[in-house]
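> The file below is data-v8.csv, CSV, C-alpha atoms:
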```csv
chain,number,residue,atom,x,y,z
V,466,MET,CA,37.6,2.4,-27.0
V,467,ASP,CA,35.9,5.8,-26.7
V,468,GLU,CA,35.5,5.9,-30.5
V,469,LEU,CA,33.8,2.5,-30.4
V,470,PHE,CA,31.3,3.8,-27.9
V,471,THR,CA,30.7,6.9,-29.9
V,472,ASN,CA,30.1,4.9,-33.1
V,473,ALA,CA,27.8,2.5,-31.3
V,474,ALA,CA,25.8,5.5,-29.8
V,475,ALA,CA,25.5,7.0,-33.2
V,476,ILE,CA,24.2,3.8,-34.7
V,477,LEU,CA,21.7,3.4,-31.9
V,478,SER,CA,20.5,6.9,-32.3
V,479,PHE,CA,20.1,6.4,-36.0
V,480,ILE,CA,18.1,3.1,-35.4
V,481,SER,CA,15.9,4.9,-32.8
V,482,LEU,CA,15.3,7.7,-35.2
V,483,CYS,CA,14.3,5.3,-38.0
V,484,ALA,CA,11.9,3.4,-35.6
V,485,VAL,CA,10.3,6.6,-34.5
V,486,ALA,CA,9.8,7.8,-38.1
V,487,TYR,CA,8.3,4.4,-39.0
V,488,LEU,CA,5.9,4.6,-36.0
V,489,ILE,CA,4.8,8.1,-36.9
V,490,LYS,CA,4.2,7.0,-40.5
V,491,GLU,CA,2.1,4.1,-39.3
V,492,VAL,CA,0.0,6.3,-37.0
V,493,LEU,CA,-0.6,8.8,-39.7
V,494,ALA,CA,-1.6,6.1,-42.2
V,495,LEU,CA,-4.0,4.6,-39.6
V,496,LYS,CA,-5.5,8.1,-39.0
V,497,GLU,CA,-6.0,8.5,-42.7
V,498,HIS,CA,-7.6,5.0,-43.0
V,499,LEU,CA,-10.0,5.8,-40.2
V,500,LYS,CA,-11.2,8.9,-42.0
V,501,THR,CA,-12.0,7.2,-45.2
V,502,ALA,CA,-12.6,3.5,-44.5
V,503,ASN,CA,-16.3,3.0,-43.5
V,504,PRO,CA,-19.2,4.3,-41.3
V,505,GLU,CA,-17.9,2.4,-38.3
V,506,ASN,CA,-15.0,4.8,-38.1
V,507,LYS,CA,-17.3,7.7,-37.4
V,508,LYS,CA,-18.7,5.8,-34.5
V,509,LEU,CA,-15.1,5.2,-33.2
V,510,GLN,CA,-14.3,8.9,-33.5
V,511,LEU,CA,-17.5,9.9,-31.7
V,512,LEU,CA,-16.7,7.4,-28.9
V,513,ALA,CA,-13.2,8.9,-28.6
V,514,TYR,CA,-14.7,12.4,-28.3
V,515,GLU,CA,-17.0,11.1,-25.6
V,516,ARG,CA,-14.2,9.5,-23.6
V,517,LEU,CA,-12.0,12.6,-24.0
V,518,ALA,CA,-15.0,14.8,-22.9
V,519,VAL,CA,-15.3,12.7,-19.7
V,520,PHE,CA,-11.5,13.0,-19.1
V,521,ALA,CA,-11.7,16.8,-19.6
V,522,ASP,CA,-14.6,17.0,-17.2
V,523,ARG,CA,-12.9,14.9,-14.5
V,524,ALA,CA,-9.6,16.8,-15.0
V,525,GLY,CA,-11.2,20.0,-13.9
V,526,LEU,CA,-9.7,21.3,-10.7
V,527,LYS,CA,-13.0,21.6,-8.9
V,528,ASN,CA,-14.1,18.1,-10.0
V,529,MET,CA,-10.8,16.5,-9.0
V,530,ILE,CA,-11.2,17.8,-5.5
V,531,SER,CA,-14.7,16.4,-5.1
V,532,SER,CA,-13.8,13.0,-6.5
V,533,ALA,CA,-10.4,12.6,-4.6
V,534,ASP,CA,-10.5,9.9,-2.0
V,535,ALA,CA,-8.0,11.4,0.4
V,536,HIS,CA,-10.1,13.7,2.6
V,537,GLY,CA,-8.9,13.7,6.2
V,538,GLU,CA,-5.4,12.8,5.1
V,539,SER,CA,-2.3,15.0,4.9
V,540,ALA,CA,-1.9,17.5,2.1
V,541,ALA,CA,1.0,15.4,0.8
V,542,VAL,CA,-1.3,12.3,0.5
V,543,MET,CA,-4.0,14.4,-1.2
V,544,HIS,CA,-1.4,15.9,-3.6
V,545,GLY,CA,-0.3,12.4,-4.5
V,546,VAL,CA,-3.9,11.1,-5.0
V,547,LEU,CA,-4.7,14.1,-7.3
V,548,ILE,CA,-1.6,13.7,-9.4
V,549,GLN,CA,-2.1,9.9,-9.7
V,550,ASN,CA,-5.8,10.4,-10.6
V,551,ILE,CA,-5.2,12.8,-13.4
V,552,LYS,CA,-2.2,10.8,-14.8
V,553,SER,CA,-4.0,7.4,-14.7
V,554,GLU,CA,-7.2,8.9,-16.3
V,555,PHE,CA,-5.0,10.4,-19.0
V,556,ASP,CA,-3.1,7.1,-19.5
V,557,TYR,CA,-6.4,5.3,-19.8
V,558,ASN,CA,-7.4,7.5,-22.7
V,559,VAL,CA,-4.1,7.8,-24.5
V,560,SER,CA,-5.2,5.5,-27.3
V,561,GLN,CA,-8.0,7.9,-28.3
V,562,GLN,CA,-5.4,10.2,-29.9
V,563,ILE,CA,-5.6,8.2,-33.1
V,564,TYR,CA,-9.3,9.0,-33.6
V,565,VAL,CA,-9.2,12.8,-33.0
V,566,SER,CA,-7.4,15.7,-34.5
V,567,LYS,CA,-3.9,16.7,-33.5
V,568,GLU,CA,-5.3,20.0,-32.1
V,569,ILE,CA,-7.8,18.2,-29.8
V,570,TRP,CA,-5.1,15.8,-28.6
V,571,ASN,CA,-2.7,18.6,-27.9
V,572,ALA,CA,-5.4,20.4,-26.0
V,573,VAL,CA,-6.1,17.3,-23.9
V,574,THR,CA,-2.4,16.9,-23.2
V,575,LYS,CA,-2.0,20.5,-22.2
V,576,LEU,CA,-5.0,20.2,-19.9
V,577,LYS,CA,-3.3,17.3,-18.1
V,578,ASP,CA,0.1,19.0,-17.9
V,579,GLN,CA,-1.3,22.4,-16.8
V,580,ASN,CA,-3.4,20.9,-14.0
V,581,VAL,CA,-0.5,18.7,-12.8
V,582,TYR,CA,1.6,21.8,-12.7
V,583,ILE,CA,-1.0,23.9,-10.9
V,584,ILE,CA,-1.5,21.2,-8.2
V,585,ASN,CA,2.2,20.8,-7.8
V,586,GLN,CA,2.7,24.5,-7.3
V,587,LEU,CA,-0.2,25.0,-4.9
V,588,ALA,CA,0.9,22.0,-2.9
V,589,ALA,CA,4.5,23.3,-2.7
V,590,MET,CA,3.2,26.5,-1.1
V,591,LEU,CA,1.6,24.8,1.8
V,592,PRO,CA,3.4,24.2,5.1
V,593,PRO,CA,4.6,20.7,5.8
V,594,HIS,CA,1.9,20.0,8.4
V,595,ALA,CA,-1.0,21.0,6.1
V,596,ASN,CA,-3.9,18.6,5.6
V,597,SER,CA,-6.0,17.6,2.6
V,598,LEU,CA,-8.6,20.2,3.4
V,599,ASP,CA,-5.9,22.9,3.2
V,600,LEU,CA,-4.8,21.8,-0.2
V,601,SER,CA,-8.4,21.4,-1.4
V,602,LYS,CA,-9.2,24.9,-0.2
V,603,ARG,CA,-6.1,26.3,-2.0
V,604,ILE,CA,-7.1,24.6,-5.3
V,605,LEU,CA,-10.7,25.7,-5.1
V,606,GLU,CA,-9.6,29.3,-4.4
V,607,TYR,CA,-7.3,29.2,-7.4
V,608,SER,CA,-10.0,27.8,-9.7
V,609,LEU,CA,-12.5,30.5,-8.5
V,610,THR,CA,-10.0,33.3,-9.4
V,611,GLN,CA,-9.8,32.0,-13.0
V,612,GLN,CA,-12.2,33.4,-15.6
V,613,GLN,CA,-12.6,29.9,-17.0
V,614,GLU,CA,-10.8,26.7,-16.3
V,615,LEU,CA,-8.9,25.1,-19.1
V,616,ASN,CA,-11.0,22.0,-18.9
V,617,GLN,CA,-14.1,23.9,-20.0
V,618,ILE,CA,-12.2,25.3,-23.0
V,619,VAL,CA,-11.1,21.8,-23.9
V,620,LEU,CA,-14.6,20.5,-23.5
V,621,ASP,CA,-15.9,23.2,-25.8
V,622,ALA,CA,-13.3,22.3,-28.5
V,623,ILE,CA,-14.2,18.6,-28.2
V,624,GLN,CA,-17.9,19.3,-28.5
V,625,HIS,CA,-17.3,21.5,-31.6
V,626,GLU,CA,-15.1,18.9,-33.3
V,627,ALA,CA,-17.6,16.1,-32.4
V,628,LYS,CA,-20.5,18.1,-33.9
V,629,GLU,CA,-18.5,18.7,-37.1
V,630,THR,CA,-17.8,15.0,-37.3
V,631,MET,CA,-21.5,14.2,-37.0
V,632,LYS,CA,-22.3,16.7,-39.8
V,633,ALA,CA,-19.8,15.2,-42.2
V,634,GLU,CA,-21.2,12.6,-44.4
```
What's the structure tokens form of this structure?


Amino acid sequence: MDELFTNAAAILSFISLCAVAYLIKEVLALKEHLKTANPENKKLQLLAYERLAVFADRAGLKNMISSADAHGESAAVMHGVLIQNIKSEFDYNVSQQIYVSKEIWNAVTKLKDQNVYIINQLAAMLPPHANSLDLSKRILEYSLTQQQELNQIVLDAIQHEAKETMKAE
């Protein structure tokens, strides 16, 4: 009986691997098609850069604090709102990865992951009775101690790649 489950698991793993390989092949083919097909593709790429630039701006720690709708709540509520905001904004833009370079998409993903991590760490350091102002203050203090927030670096990279796309004819 165990051998049957082992064989079934191996078959399912193989099928999953094949499906993932097929999807990767299709995404790469679509990306190549977008690069060469027609002038409309450049417009789609530039729109993707615009949307990702908006995401990178909104995902900045300082900007997240000012746009969070949890002021006057507990730190736990504020924490949840911040994490939900960044994840939903990222999810909204996930389709843009097919229009931009792998490097830009990785930078956008790292921005989301890093800021979620920072918010989680700063929230964990607060006492249980802390309020949203305490968390906001902690996040702003953290962002002020950094030379440059990651979102600005990602924005610069997006702008550079968008300008290169506009130059290419």

> For Met543 (chain V), which of V:Gln613, V:Asn580, V:Ser597, V:Ala633 is the closest residue, counting all atoms listed in the file?

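Smallest separation from Met543 (chain V) among the options: V:Ser597.
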
> Kindly indicate which residue among V:Lys575, V:His544, V:His594, V:Lys527 lies nearest to Gln611 (chain V), using only C-alpha atoms for the distances.

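Looking at the shortest contact to Gln611 (chain V), the residue is V:Lys527.
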
> Could you check how far CA of Gln561 (chain V) sits from CA of Ser608 (chain V), in Å to one decimal?

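Here the two named atoms are 27.3 Å from each other.
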
> So that I can check the surroundings of Asn558 (chain V), please list as a PyMOL selection string every protein, DNA and RNA residue that reaches within 12 Å of it, counting all atoms listed in the file and ignoring chain neighbours fewer than 4 positions away.

chain V and resi 512-521+551-554+562-565+570+573-574+577

> Can I get the selected residues back with C-alpha atoms, as a JSON list (two decimals), in the coordinates of the input?


```json
[["chain", "number", "residue", "atom", "x", "y", "z"],
["V", 512, "LEU", "CA", -16.70, 7.40, -28.90],
["V", 513, "ALA", "CA", -13.20, 8.90, -28.60],
["V", 514, "TYR", "CA", -14.70, 12.40, -28.30],
["V", 515, "GLU", "CA", -17.00, 11.10, -25.60],
["V", 516, "ARG", "CA", -14.20, 9.50, -23.60],
["V", 517, "LEU", "CA", -12.00, 12.60, -24.00],
["V", 518, "ALA", "CA", -15.00, 14.80, -22.90],
["V", 519, "VAL", "CA", -15.30, 12.70, -19.70],
["V", 520, "PHE", "CA", -11.50, 13.00, -19.10],
["V", 521, "ALA", "CA", -11.70, 16.80, -19.60],
["V", 551, "ILE", "CA", -5.20, 12.80, -13.40],
["V", 552, "LYS", "CA", -2.20, 10.80, -14.80],
["V", 553, "SER", "CA", -4.00, 7.40, -14.70],
["V", 554, "GLU", "CA", -7.20, 8.90, -16.30],
["V", 562, "GLN", "CA", -5.40, 10.20, -29.90],
["V", 563, "ILE", "CA", -5.60, 8.20, -33.10],
["V", 564, "TYR", "CA", -9.30, 9.00, -33.60],
["V", 565, "VAL", "CA", -9.20, 12.80, -33.00],
["V", 570, "TRP", "CA", -5.10, 15.80, -28.60],
["V", 573, "VAL", "CA", -6.10, 17.30, -23.90],
["V", 574, "THR", "CA", -2.40, 16.90, -23.20],
["V", 577, "LYS", "CA", -3.30, 17.30, -18.10]]
```

> When you draw a straight line from CA of Ala533 (chain V) to CA of Leu600 (chain V), how long is it in Å?

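Between these atoms lies a distance of 11.6 Å.
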
> When you draw a straight line from CA of Ala535 (chain V) to CA of Arg523 (chain V), how long is it in Å?

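Rounded to one decimal, the two atoms are 16.1 Å apart.
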
> Env of Ile583 (chain V): 12 Å cut, atoms = all atoms listed in the file, seq-sep filter 6 positions within chain, self excluded. Answer as a ChimeraX atom specification.

/V:524-526,544,547-548,575-577,589-590,600,603-605,607-608,614-615

> Which is closer to Glu629 (chain V) than all the others in V:Ser532, V:Ser560, V:Asn616, V:Ser566, using only C-alpha atoms?

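Checking each candidate against Glu629 (chain V), we get V:Ser566 as the closest.
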
> Can you pull out every residue within 12 Å of Pro593 (chain V), counting all atoms listed in the file, but drop anything in the same chain fewer than 5 positions away, and send it as a list in words?

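Once the nearby chain positions are removed, what remains is Ser539, Ala540, Ala541, Val542, Ala588, Asp599 and Leu600 of chain V.
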
> Can I get the selection written as a JSON list (two decimals), in the coordinates of the input, with C-alpha atoms?


```
[["chain", "number", "residue", "atom", "x", "y", "z"],
["V", 539, "SER", "CA", -2.30, 15.00, 4.90],
["V", 540, "ALA", "CA", -1.90, 17.50, 2.10],
["V", 541, "ALA", "CA", 1.00, 15.40, 0.80],
["V", 542, "VAL", "CA", -1.30, 12.30, 0.50],
["V", 588, "ALA", "CA", 0.90, 22.00, -2.90],
["V", 599, "ASP", "CA", -5.90, 22.90, 3.20],
["V", 600, "LEU", "CA", -4.80, 21.80, -0.20]]
```

> Out of V:Ala627, V:Asn528, V:Ile569, V:Leu598, which residue has the shortest atom-to-atom distance to Leu509 (chain V) when counting all atoms listed in the file?

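Ranking V:Ala627, V:Asn528, V:Ile569, V:Leu598 by distance to Leu509 (chain V), first place goes to V:Ala627.
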
> Using only C-alpha atoms, which of the listed residues (V:Thr630, V:Gln510, V:Gln549, V:Ser601) sits closest to Val581 (chain V)?

V:Gln549

> Some atoms are missing, so please complete region 610-627 of chain V with N, CA and C atoms and return it as a PDB file, in the frame of the given file.


```pdb
ATOM      1  N   THR V 610     -10.589  32.004  -8.958  1.00  0.00           N
ATOM      2  CA  THR V 610     -10.000  33.300  -9.400  1.00  0.00           C
ATOM      3  C   THR V 610      -9.813  33.269 -10.944  1.00  0.00           C
ATOM      4  N   GLN V 611      -9.953  32.124 -11.578  1.00  0.00           N
ATOM      5  CA  GLN V 611      -9.800  32.000 -13.000  1.00  0.00           C
ATOM      6  C   GLN V 611     -11.094  32.386 -13.725  1.00  0.00           C
ATOM      7  N   GLN V 612     -10.991  33.054 -14.871  1.00  0.00           N
ATOM      8  CA  GLN V 612     -12.200  33.400 -15.600  1.00  0.00           C
ATOM      9  C   GLN V 612     -12.890  32.090 -16.067  1.00  0.00           C
ATOM     10  N   GLN V 613     -12.104  31.157 -16.580  1.00  0.00           N
ATOM     11  CA  GLN V 613     -12.600  29.900 -17.000  1.00  0.00           C
ATOM     12  C   GLN V 613     -11.514  28.856 -16.949  1.00  0.00           C
ATOM     13  N   GLU V 614     -11.828  27.711 -16.375  1.00  0.00           N
ATOM     14  CA  GLU V 614     -10.800  26.700 -16.300  1.00  0.00           C
ATOM     15  C   GLU V 614     -10.525  26.106 -17.669  1.00  0.00           C
ATOM     16  N   LEU V 615      -9.294  25.660 -17.856  1.00  0.00           N
ATOM     17  CA  LEU V 615      -8.900  25.100 -19.100  1.00  0.00           C
ATOM     18  C   LEU V 615      -9.742  23.902 -19.520  1.00  0.00           C
ATOM     19  N   ASN V 616     -10.197  23.135 -18.550  1.00  0.00           N
ATOM     20  CA  ASN V 616     -11.000  22.000 -18.900  1.00  0.00           C
ATOM     21  C   ASN V 616     -12.273  22.342 -19.630  1.00  0.00           C
ATOM     22  N   GLN V 617     -12.858  23.480 -19.311  1.00  0.00           N
ATOM     23  CA  GLN V 617     -14.100  23.900 -20.000  1.00  0.00           C
ATOM     24  C   GLN V 617     -13.773  24.315 -21.434  1.00  0.00           C
ATOM     25  N   ILE V 618     -12.639  24.948 -21.644  1.00  0.00           N
ATOM     26  CA  ILE V 618     -12.200  25.300 -23.000  1.00  0.00           C
ATOM     27  C   ILE V 618     -11.987  24.075 -23.833  1.00  0.00           C
ATOM     28  N   VAL V 619     -11.326  23.086 -23.246  1.00  0.00           N
ATOM     29  CA  VAL V 619     -11.100  21.800 -23.900  1.00  0.00           C
ATOM     30  C   VAL V 619     -12.393  21.101 -24.237  1.00  0.00           C
ATOM     31  N   LEU V 620     -13.294  21.095 -23.273  1.00  0.00           N
ATOM     32  CA  LEU V 620     -14.600  20.500 -23.500  1.00  0.00           C
ATOM     33  C   LEU V 620     -15.342  21.149 -24.662  1.00  0.00           C
ATOM     34  N   ASP V 621     -15.295  22.470 -24.716  1.00  0.00           N
ATOM     35  CA  ASP V 621     -15.900  23.200 -25.800  1.00  0.00           C
ATOM     36  C   ASP V 621     -15.331  22.801 -27.160  1.00  0.00           C
ATOM     37  N   ALA V 622     -14.012  22.678 -27.210  1.00  0.00           N
ATOM     38  CA  ALA V 622     -13.300  22.300 -28.500  1.00  0.00           C
ATOM     39  C   ALA V 622     -13.702  20.869 -28.859  1.00  0.00           C
ATOM     40  N   ILE V 623     -13.770  19.967 -27.895  1.00  0.00           N
ATOM     41  CA  ILE V 623     -14.200  18.600 -28.200  1.00  0.00           C
ATOM     42  C   ILE V 623     -15.590  18.536 -28.712  1.00  0.00           C
ATOM     43  N   GLN V 624     -16.481  19.272 -28.072  1.00  0.00           N
ATOM     44  CA  GLN V 624     -17.900  19.300 -28.500  1.00  0.00           C
ATOM     45  C   GLN V 624     -17.987  19.853 -29.939  1.00  0.00           C
ATOM     46  N   HIS V 625     -17.237  20.901 -30.221  1.00  0.00           N
ATOM     47  CA  HIS V 625     -17.300  21.500 -31.600  1.00  0.00           C
ATOM     48  C   HIS V 625     -16.801  20.483 -32.607  1.00  0.00           C
ATOM     49  N   GLU V 626     -15.687  19.836 -32.333  1.00  0.00           N
ATOM     50  CA  GLU V 626     -15.100  18.900 -33.300  1.00  0.00           C
ATOM     51  C   GLU V 626     -16.072  17.668 -33.456  1.00  0.00           C
ATOM     52  N   ALA V 627     -16.675  17.222 -32.371  1.00  0.00           N
ATOM     53  CA  ALA V 627     -17.600  16.100 -32.400  1.00  0.00           C
ATOM     54  C   ALA V 627     -18.825  16.459 -33.287  1.00  0.00           C
TER      55      ALA V 627
END
```
